[in-house]
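Just model-v1.cif here, mmCIF, C-alpha atoms:
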```cif
data_protein
loop_
_atom_site.group_PDB
_atom_site.id
_atom_site.type_symbol
_atom_site.label_atom_id
_atom_site.label_comp_id
_atom_site.auth_asym_id
_atom_site.auth_seq_id
_atom_site.Cartn_x
_atom_site.Cartn_y
_atom_site.Cartn_z
ATOM 1 C CA MET A 1008 8.704 187.194 152.407
ATOM 2 C CA ILE A 1009 9.508 190.889 152.740
ATOM 3 C CA PRO A 1010 7.201 192.662 155.247
ATOM 4 C CA LEU A 1011 4.607 194.968 153.727
ATOM 5 C CA SER A 1012 5.766 197.814 155.954
ATOM 6 C CA TRP A 1013 9.127 197.911 154.146
ATOM 7 C CA TYR A 1014 7.417 198.625 150.852
ATOM 8 C CA MET A 1015 5.155 201.210 152.456
ATOM 9 C CA SER A 1016 8.102 202.951 154.138
ATOM 10 C CA LEU A 1017 9.948 203.080 150.822
ATOM 11 C CA ALA A 1018 6.844 204.492 149.136
ATOM 12 C CA ALA A 1019 6.439 207.104 151.890
ATOM 13 C CA ILE A 1020 10.083 208.189 151.542
ATOM 14 C CA LEU A 1021 9.783 208.384 147.742
ATOM 15 C CA PHE A 1022 6.574 210.408 148.068
ATOM 16 C CA ALA A 1023 8.307 212.821 150.441
ATOM 17 C CA ILE A 1024 11.196 213.162 147.967
ATOM 18 C CA GLY A 1025 8.645 214.030 145.287
ATOM 19 C CA VAL A 1026 6.987 216.617 147.551
ATOM 20 C CA CYS A 1027 10.409 218.107 148.348
ATOM 21 C CA GLY A 1028 11.255 218.399 144.652
ATOM 22 C CA PHE A 1029 7.880 219.956 143.878
ATOM 23 C CA LEU A 1030 8.218 222.559 146.619
ATOM 24 C CA THR A 1031 11.874 223.483 146.078
ATOM 25 C CA ARG A 1032 12.679 223.431 142.338
ATOM 26 C CA ARG A 1033 12.260 226.576 140.243
ATOM 27 C CA ASN A 1034 11.974 224.865 136.880
ATOM 28 C CA LEU A 1035 8.397 223.957 135.929
ATOM 29 C CA ILE A 1036 9.506 220.808 134.091
ATOM 30 C CA MET A 1037 11.391 219.585 137.165
ATOM 31 C CA MET A 1038 8.206 220.146 139.193
ATOM 32 C CA PHE A 1039 6.299 217.903 136.782
ATOM 33 C CA LEU A 1040 9.061 215.309 137.132
ATOM 34 C CA SER A 1041 8.580 215.446 140.918
ATOM 35 C CA ILE A 1042 4.868 214.765 140.404
ATOM 36 C CA GLU A 1043 5.880 211.640 138.464
ATOM 37 C CA LEU A 1044 7.957 210.561 141.479
ATOM 38 C CA MET A 1045 4.929 210.991 143.755
ATOM 39 C CA LEU A 1046 2.695 209.006 141.371
ATOM 40 C CA ASN A 1047 5.315 206.247 141.300
ATOM 41 C CA ALA A 1048 5.355 206.102 145.093
ATOM 42 C CA VAL A 1049 1.584 205.634 145.077
ATOM 43 C CA ASN A 1050 1.924 202.951 142.389
ATOM 44 C CA LEU A 1051 4.451 201.045 144.489
ATOM 45 C CA ASN A 1052 2.106 201.196 147.468
ATOM 46 C CA MET A 1053 -0.811 199.951 145.357
ATOM 47 C CA VAL A 1054 1.090 197.010 143.863
ATOM 48 C CA ALA A 1055 2.542 195.982 147.240
ATOM 49 C CA ILE A 1056 -0.822 196.093 149.029
ATOM 50 C CA SER A 1057 -2.471 194.291 146.109
ATOM 51 C CA HIS A 1058 0.166 191.533 146.372
ATOM 52 C CA TYR A 1059 -0.318 191.104 150.117
ATOM 53 C CA LEU A 1060 -4.134 191.270 149.849
ATOM 54 C CA GLU A 1061 -4.061 188.582 147.121
ATOM 55 C CA SER A 1062 -6.238 190.837 144.992
ATOM 56 C CA MET A 1063 -5.915 192.348 141.511
ATOM 57 C CA ARG A 1064 -7.688 195.562 142.407
ATOM 58 C CA GLY A 1065 -4.601 197.605 143.261
ATOM 59 C CA GLN A 1066 -2.785 196.550 140.110
ATOM 60 C CA VAL A 1067 -5.724 197.539 137.886
ATOM 61 C CA PHE A 1068 -5.748 200.887 139.664
ATOM 62 C CA THR A 1069 -2.000 201.225 139.092
ATOM 63 C CA PHE A 1070 -2.681 200.760 135.386
ATOM 64 C CA PHE A 1071 -5.142 203.666 135.457
ATOM 65 C CA ILE A 1072 -2.684 205.819 137.408
ATOM 66 C CA ILE A 1073 -0.086 205.226 134.678
ATOM 67 C CA THR A 1074 -2.696 206.382 132.123
ATOM 68 C CA VAL A 1075 -3.420 209.542 134.103
ATOM 69 C CA ALA A 1076 0.325 210.177 134.509
ATOM 70 C CA ALA A 1077 0.792 210.010 130.740
ATOM 71 C CA ALA A 1078 -2.112 212.431 130.208
ATOM 72 C CA GLU A 1079 -0.762 214.753 132.889
ATOM 73 C CA ALA A 1080 2.696 214.742 131.305
ATOM 74 C CA ALA A 1081 1.278 215.583 127.856
ATOM 75 C CA ILE A 1082 -0.906 218.452 129.125
ATOM 76 C CA GLY A 1083 1.656 219.781 131.613
ATOM 77 C CA LEU A 1084 4.503 219.856 129.118
ATOM 78 C CA GLY A 1085 2.180 221.538 126.594
ATOM 79 C CA ILE A 1086 1.544 224.223 129.209
ATOM 80 C CA ALA A 1087 5.322 224.515 129.800
ATOM 81 C CA ILE A 1088 5.934 225.068 126.066
ATOM 82 C CA THR A 1089 3.162 227.674 125.864
ATOM 83 C CA LEU A 1090 4.548 229.442 128.943
ATOM 84 C CA TYR A 1091 8.033 229.497 127.475
ATOM 85 C CA ARG A 1092 6.696 230.886 124.210
ATOM 86 C CA SER A 1093 4.857 233.789 125.839
ATOM 87 C CA ARG A 1094 7.130 234.588 128.821
ATOM 88 C CA LYS A 1095 10.546 233.191 127.691
ATOM 89 C CA THR A 1096 10.933 231.446 131.034
ATOM 90 C CA VAL A 1097 9.906 228.209 132.725
ATOM 91 C CA HIS A 1098 10.794 229.358 136.236
ATOM 92 C CA VAL A 1099 7.778 229.463 138.492
ATOM 93 C CA ASP A 1100 8.973 232.403 140.601
ATOM 94 C CA GLU A 1101 9.279 234.610 137.522
ATOM 95 C CA VAL A 1102 5.679 233.939 136.498
ATOM 96 C CA ASN A 1103 4.032 236.275 139.016
ATOM 97 C CA GLN A 1104 1.725 238.366 136.830
ATOM 98 C CA LEU A 1105 -1.331 237.528 138.935
ATOM 99 C CA LYS A 1106 0.269 238.827 142.124
ATOM 100 C CA GLY A 1107 -1.621 241.981 143.208
ATOM 101 C CA MET B 1132 17.541 185.818 151.175
ATOM 102 C CA PHE B 1133 18.163 186.886 147.577
ATOM 103 C CA THR B 1134 14.804 188.659 147.555
ATOM 104 C CA TYR B 1135 15.817 190.675 150.639
ATOM 105 C CA LEU B 1136 19.113 191.686 149.063
ATOM 106 C CA PHE B 1137 17.375 192.626 145.812
ATOM 107 C CA PHE B 1138 14.764 194.676 147.663
ATOM 108 C CA LEU B 1139 17.434 196.508 149.669
ATOM 109 C CA TYR B 1140 19.458 197.195 146.514
ATOM 110 C CA CYS B 1141 16.369 198.558 144.719
ATOM 111 C CA ALA B 1142 15.332 200.632 147.752
ATOM 112 C CA VAL B 1143 18.771 202.200 148.120
ATOM 113 C CA MET B 1144 18.938 202.947 144.404
ATOM 114 C CA ILE B 1145 15.416 204.421 144.336
ATOM 115 C CA VAL B 1146 16.016 206.738 147.291
ATOM 116 C CA GLY B 1147 19.492 207.709 146.048
ATOM 117 C CA THR B 1148 18.497 208.443 142.461
ATOM 118 C CA GLY B 1149 15.331 210.216 143.664
ATOM 119 C CA LEU B 1150 17.373 212.533 145.870
ATOM 120 C CA LEU B 1151 19.850 213.130 143.052
ATOM 121 C CA ALA B 1152 17.003 213.846 140.603
ATOM 122 C CA ILE B 1153 15.532 216.657 142.687
ATOM 123 C CA THR B 1154 18.897 218.262 143.501
ATOM 124 C CA MET B 1155 20.919 217.999 140.287
ATOM 125 C CA ARG B 1156 21.756 221.235 138.483
ATOM 126 C CA ASN B 1157 21.345 220.006 134.917
ATOM 127 C CA PRO B 1158 17.717 218.963 134.166
ATOM 128 C CA VAL B 1159 18.856 216.370 131.611
ATOM 129 C CA HIS B 1160 20.898 214.595 134.290
ATOM 130 C CA ALA B 1161 17.865 214.715 136.592
ATOM 131 C CA VAL B 1162 15.704 213.058 133.915
ATOM 132 C CA LEU B 1163 18.340 210.336 133.435
ATOM 133 C CA MET B 1164 18.360 209.737 137.221
ATOM 134 C CA VAL B 1165 14.587 209.310 137.118
ATOM 135 C CA LEU B 1166 15.087 206.802 134.282
ATOM 136 C CA ILE B 1167 17.310 204.689 136.567
ATOM 137 C CA LEU B 1168 14.684 205.060 139.315
ATOM 138 C CA PHE B 1169 11.950 203.740 137.011
ATOM 139 C CA PHE B 1170 14.036 200.682 136.097
ATOM 140 C CA HIS B 1171 14.493 199.811 139.770
ATOM 141 C CA MET B 1172 10.799 200.375 140.360
ATOM 142 C CA ALA B 1173 10.151 197.787 137.627
ATOM 143 C CA GLY B 1174 12.501 195.445 139.525
ATOM 144 C CA LEU B 1175 10.378 195.870 142.663
ATOM 145 C CA TYR B 1176 7.231 195.110 140.638
ATOM 146 C CA LEU B 1177 8.930 191.888 139.473
ATOM 147 C CA ILE B 1178 9.550 190.639 143.017
ATOM 148 C CA LEU B 1179 5.930 191.532 143.831
ATOM 149 C CA GLY B 1180 4.826 189.196 141.037
ATOM 150 C CA ALA B 1181 3.473 191.896 138.693
ATOM 151 C CA GLU B 1182 5.400 191.189 135.480
ATOM 152 C CA PHE B 1183 2.952 192.972 133.198
ATOM 153 C CA LEU B 1184 3.126 196.149 135.260
ATOM 154 C CA ALA B 1185 6.930 195.957 135.266
ATOM 155 C CA ALA B 1186 6.873 195.814 131.460
ATOM 156 C CA VAL B 1187 4.360 198.688 131.290
ATOM 157 C CA GLN B 1188 6.508 200.683 133.704
ATOM 158 C CA ILE B 1189 9.529 200.367 131.419
ATOM 159 C CA ILE B 1190 7.634 200.839 128.144
ATOM 160 C CA VAL B 1191 5.322 203.695 129.141
ATOM 161 C CA TYR B 1192 7.278 205.540 131.841
ATOM 162 C CA ALA B 1193 10.870 205.019 130.764
ATOM 163 C CA GLY B 1194 10.170 204.727 127.054
ATOM 164 C CA ALA B 1195 7.475 207.312 126.401
ATOM 165 C CA ILE B 1196 6.980 209.809 129.231
ATOM 166 C CA LEU B 1197 10.675 210.460 129.924
ATOM 167 C CA VAL B 1198 11.407 210.895 126.201
ATOM 168 C CA LEU B 1199 8.600 213.496 126.151
ATOM 169 C CA TYR B 1200 10.284 215.253 129.093
ATOM 170 C CA LEU B 1201 13.634 215.231 127.279
ATOM 171 C CA PHE B 1202 12.061 216.705 124.127
ATOM 172 C CA VAL B 1203 10.454 219.550 126.070
ATOM 173 C CA LEU B 1204 13.688 220.181 128.009
ATOM 174 C CA PHE B 1205 15.503 220.664 124.713
ATOM 175 C CA LEU B 1206 12.734 222.955 123.421
ATOM 176 C CA VAL B 1207 13.114 225.383 126.330
ATOM 177 C CA SER B 1208 16.426 227.093 126.991
ATOM 178 C CA LEU B 1209 18.891 224.881 128.781
ATOM 179 C CA ARG B 1210 22.052 226.967 128.620
ATOM 180 C CA ASP B 1211 21.127 229.528 131.297
ATOM 181 C CA GLU B 1212 19.586 226.821 133.473
ATOM 182 C CA VAL B 1213 22.928 225.354 134.575
ATOM 183 C CA LYS B 1214 24.210 228.788 135.654
ATOM 184 C CA MET B 1215 21.120 229.934 137.577
ATOM 185 C CA ASP B 1216 20.000 229.129 141.092
ATOM 186 C CA ARG B 1217 17.925 225.943 140.854
ATOM 187 C CA PHE B 1218 15.884 226.300 144.054
ATOM 188 C CA VAL B 1219 13.224 228.834 144.994
ATOM 189 C CA THR B 1220 14.091 231.301 147.745
ATOM 190 C CA SER B 1221 11.912 229.557 150.340
ATOM 191 C CA ALA B 1222 13.329 226.075 149.626
ATOM 192 C CA TRP B 1223 14.098 225.385 153.297
ATOM 193 C CA LEU B 1224 10.356 225.555 154.062
ATOM 194 C CA GLY B 1225 9.647 222.888 151.441
ATOM 195 C CA ARG B 1226 12.397 220.674 152.836
ATOM 196 C CA ILE B 1227 11.006 220.977 156.375
ATOM 197 C CA ILE B 1228 7.497 220.156 155.115
ATOM 198 C CA SER B 1229 8.659 217.082 153.180
ATOM 199 C CA VAL B 1230 10.785 215.718 156.048
ATOM 200 C CA GLY B 1231 7.831 216.217 158.385
ATOM 201 C CA LEU B 1232 5.555 214.443 155.893
ATOM 202 C CA ALA B 1233 7.935 211.461 155.610
ATOM 203 C CA VAL B 1234 8.307 211.158 159.393
ATOM 204 C CA SER B 1235 4.563 211.372 160.005
ATOM 205 C CA LEU B 1236 3.733 208.878 157.223
ATOM 206 C CA ILE B 1237 6.237 206.330 158.546
ATOM 207 C CA ALA B 1238 5.109 206.932 162.138
ATOM 208 C CA MET B 1239 1.538 206.159 161.079
ATOM 209 C CA LEU B 1240 2.494 202.836 159.442
ATOM 210 C CA PRO B 1241 2.071 200.552 162.517
ATOM 211 C CA THR B 1242 -1.611 201.496 162.749
ATOM 212 C CA PHE B 1243 -2.236 200.163 159.220
ATOM 213 C CA VAL B 1244 -4.435 197.051 159.158
ATOM 214 C CA LEU B 1245 -4.693 194.912 156.024
ATOM 215 C CA GLY B 1246 -8.257 194.484 154.770
ATOM 216 C CA GLN B 1247 -10.187 191.481 153.529
ATOM 217 C CA LYS B 1248 -8.322 189.098 151.211
ATOM 218 C CA GLY B 1249 -9.257 189.014 147.532
ATOM 219 C CA HIS B 1250 -9.751 186.184 145.050
ATOM 220 C CA TRP B 1251 -6.312 186.117 143.429
ATOM 221 C CA PRO B 1252 -3.736 184.306 145.569
ATOM 222 C CA MET B 1253 -0.215 184.080 144.127
ATOM 223 C CA ALA B 1254 -0.715 180.454 143.010
ATOM 224 C CA ALA B 1255 -3.802 181.360 140.961
ATOM 225 C CA VAL B 1256 -1.983 184.300 139.336
ATOM 226 C CA ILE B 1257 0.986 182.080 138.428
ATOM 227 C CA LYS B 1258 -1.381 179.425 137.044
ATOM 228 C CA ALA B 1259 -3.307 181.916 134.857
ATOM 229 C CA THR B 1260 -0.193 184.097 134.117
ATOM 230 C CA HIS B 1261 -0.211 187.653 135.407
ATOM 231 C CA THR B 1262 -1.211 189.351 132.145
ATOM 232 C CA LYS B 1263 -4.270 187.135 131.778
ATOM 233 C CA ALA B 1264 -5.291 187.631 135.411
ATOM 234 C CA LEU B 1265 -5.007 191.413 135.068
ATOM 235 C CA GLY B 1266 -6.898 191.361 131.769
ATOM 236 C CA MET B 1267 -9.687 189.242 133.210
ATOM 237 C CA GLU B 1268 -10.184 191.740 136.011
ATOM 238 C CA MET B 1269 -9.843 194.785 133.781
ATOM 239 C CA TYR B 1270 -12.180 193.705 130.992
ATOM 240 C CA THR B 1271 -14.940 192.428 133.272
ATOM 241 C CA THR B 1272 -15.154 194.254 136.601
ATOM 242 C CA TYR B 1273 -13.348 197.423 135.546
ATOM 243 C CA ILE B 1274 -14.537 197.806 131.944
ATOM 244 C CA LEU B 1275 -16.174 201.215 132.550
ATOM 245 C CA PRO B 1276 -13.077 202.785 134.192
ATOM 246 C CA PHE B 1277 -11.055 201.316 131.331
ATOM 247 C CA GLU B 1278 -13.232 203.111 128.773
ATOM 248 C CA ILE B 1279 -12.992 206.340 130.759
ATOM 249 C CA ALA B 1280 -9.186 205.998 130.826
ATOM 250 C CA GLY B 1281 -9.218 205.765 127.035
ATOM 251 C CA LEU B 1282 -11.356 208.914 126.862
ATOM 252 C CA ILE B 1283 -8.946 210.736 129.211
ATOM 253 C CA LEU B 1284 -6.031 209.810 126.940
ATOM 254 C CA LEU B 1285 -7.927 211.108 123.887
ATOM 255 C CA ILE B 1286 -8.676 214.403 125.635
ATOM 256 C CA ALA B 1287 -5.023 214.659 126.716
ATOM 257 C CA VAL B 1288 -3.805 214.133 123.142
ATOM 258 C CA ILE B 1289 -6.176 216.785 121.776
ATOM 259 C CA GLY B 1290 -5.326 219.168 124.626
ATOM 260 C CA GLY B 1291 -1.594 218.705 124.130
ATOM 261 C CA LEU B 1292 -1.939 219.402 120.405
ATOM 262 C CA VAL B 1293 -4.010 222.541 120.989
ATOM 263 C CA LEU B 1294 -1.610 223.856 123.649
ATOM 264 C CA ALA B 1295 1.559 223.259 121.639
ATOM 265 C CA LYS B 1296 0.110 224.497 118.322
ATOM 266 C CA HIS B 1297 1.933 227.498 116.900
ATOM 267 C CA ASP B 1298 -0.417 230.279 115.744
ATOM 268 C CA THR B 1299 1.137 231.510 112.494
ATOM 269 C CA PRO B 1300 -1.656 232.677 110.212
ATOM 270 C CA THR B 1301 0.764 234.681 108.019
ATOM 271 C CA THR B 1302 2.766 231.662 106.902
ATOM 272 C CA ILE B 1303 -0.410 229.808 105.983
ATOM 273 C CA GLU B 1304 -1.526 232.726 103.788
ATOM 274 C CA LYS B 1305 1.847 232.825 102.062
ATOM 275 C CA SER B 1306 1.799 229.130 101.234
#
```
structure tokens encoding of this file:
Amino acid sequence: MIPLSWYMSLAAILFAIGVCGFLTRRNLIMMFLSIELMLNAVNLNMVAISHYLESMRGQVFTFFIITVAAAEAAIGLGIAITLYRSRKTVHVDEVNQLKG
Amino acid sequence: MFTYLFFLYCAVMIVGTGLLAITMRNPVHAVLMVLILFFHMAGLYLILGAEFLAAVQIIVYAGAILVLYLFVLFLVSLRDEVKMDRFVTSAWLGRIISVGLAVSLIAMLPTFVLGQKGHWPMAAVIKATHTKALGMEMYTTYILPFEIAGLILLIAVIGGLVLAKHDTPTTIEKS
């Protein structure tokens, strides 16, 4: 039986990778992809804890997180397309119209 | 023993492909790296005894969401992307923050205490099959969140359509 802490360490590392991608990439679509990595890290944590708690609760919650991830991808990529149409760029540091 | 080896293989692949995905120059390659990551995540779900979630992971994440990402990547310009700088100017700050986050999260792990055990031990899940066990929980205890999830998906579909709609009143008049 693999210790629970191994799964949680892996999830923590994957979450940090997602945070790093979100904070460093310029491309908006790559930032959304990093959010998917973070959501996957949380999913892994949920399923692992649910397995070791002998409960279904975490897995049901993982199912809902997958739903929210799909919704987030649809809305976020729609925003990316709209941004590209009006500004001809998807780079977040070039979209600085609100800066005073 | 095999489970340990499989876990270590999946962990190494997940961390490696994750790091490659956030550093690769070409966004299409990054999306393909994330595809490999999702497959190994499904492998981890399998050794945790969650077959249905492993299937959903491959069908929904790898099959639907990543294809959506690829479509949008091809809609926006890709040619200049491989020549430009792919990180923001203050990328080192983000790297420091994420390394600090990883270290602090892992340092906090020993204080984690597992809560009260639930009603679904592994033997009961195997006896009822995982899909049935998940369905029994979802359609009884969690029926209201399930309905709300359906509503969220509907709103997301409508919102995505409205956002991506092209406003061309002239072409409509011509036709």
Pick the closest to Phe1183 (chain B) from B:Pro1241, B:Pro1158, B:Gly1246, B:Gly1266: which is it, counting all atoms listed in the file?
B:Gly1266
Residues picked by the PyMOL selection byres ((chain B) within 6 of (chain A)) here, as a ChimeraX atom specification?
/B:1153,1217-1219,1222,1225-1226,1229,1233,1237,1248-1252,1284,1287,1291,1294-1295
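What separates CA of Met1144 (chain B) from CA of Ala1161 (chain B) is a distance of 14.2 Å.
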Padding of 8 Å on every side, edges along x, y and z, all listed atoms of region 1064-1067 of chain A included: what centre and edge lengths in Å, to one decimal, does that box have, as AutoDock Vina command-line options?
```
--center_x -5.2 --center_y 196.6 --center_z 140.6 --size_x 20.9 --size_y 18.0 --size_z 21.4
```
One decimal, Å: what's the distance from CA of Leu1163 (chain B) over to CA of Leu1197 (chain B), could you say?
8.4 Å
Counting all atoms listed in the file, figure out which residue out of B:Ile1145, B:Leu1150, B:His1261, B:Thr1220 gets nearest to Ala1186 (chain B).
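Selected residue with least distance to Ala1186 (chain B): B:His1261.
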Separation of CA of Ile1279 (chain B) and CA of Leu1179 (chain B), in Å?
27.4 Å
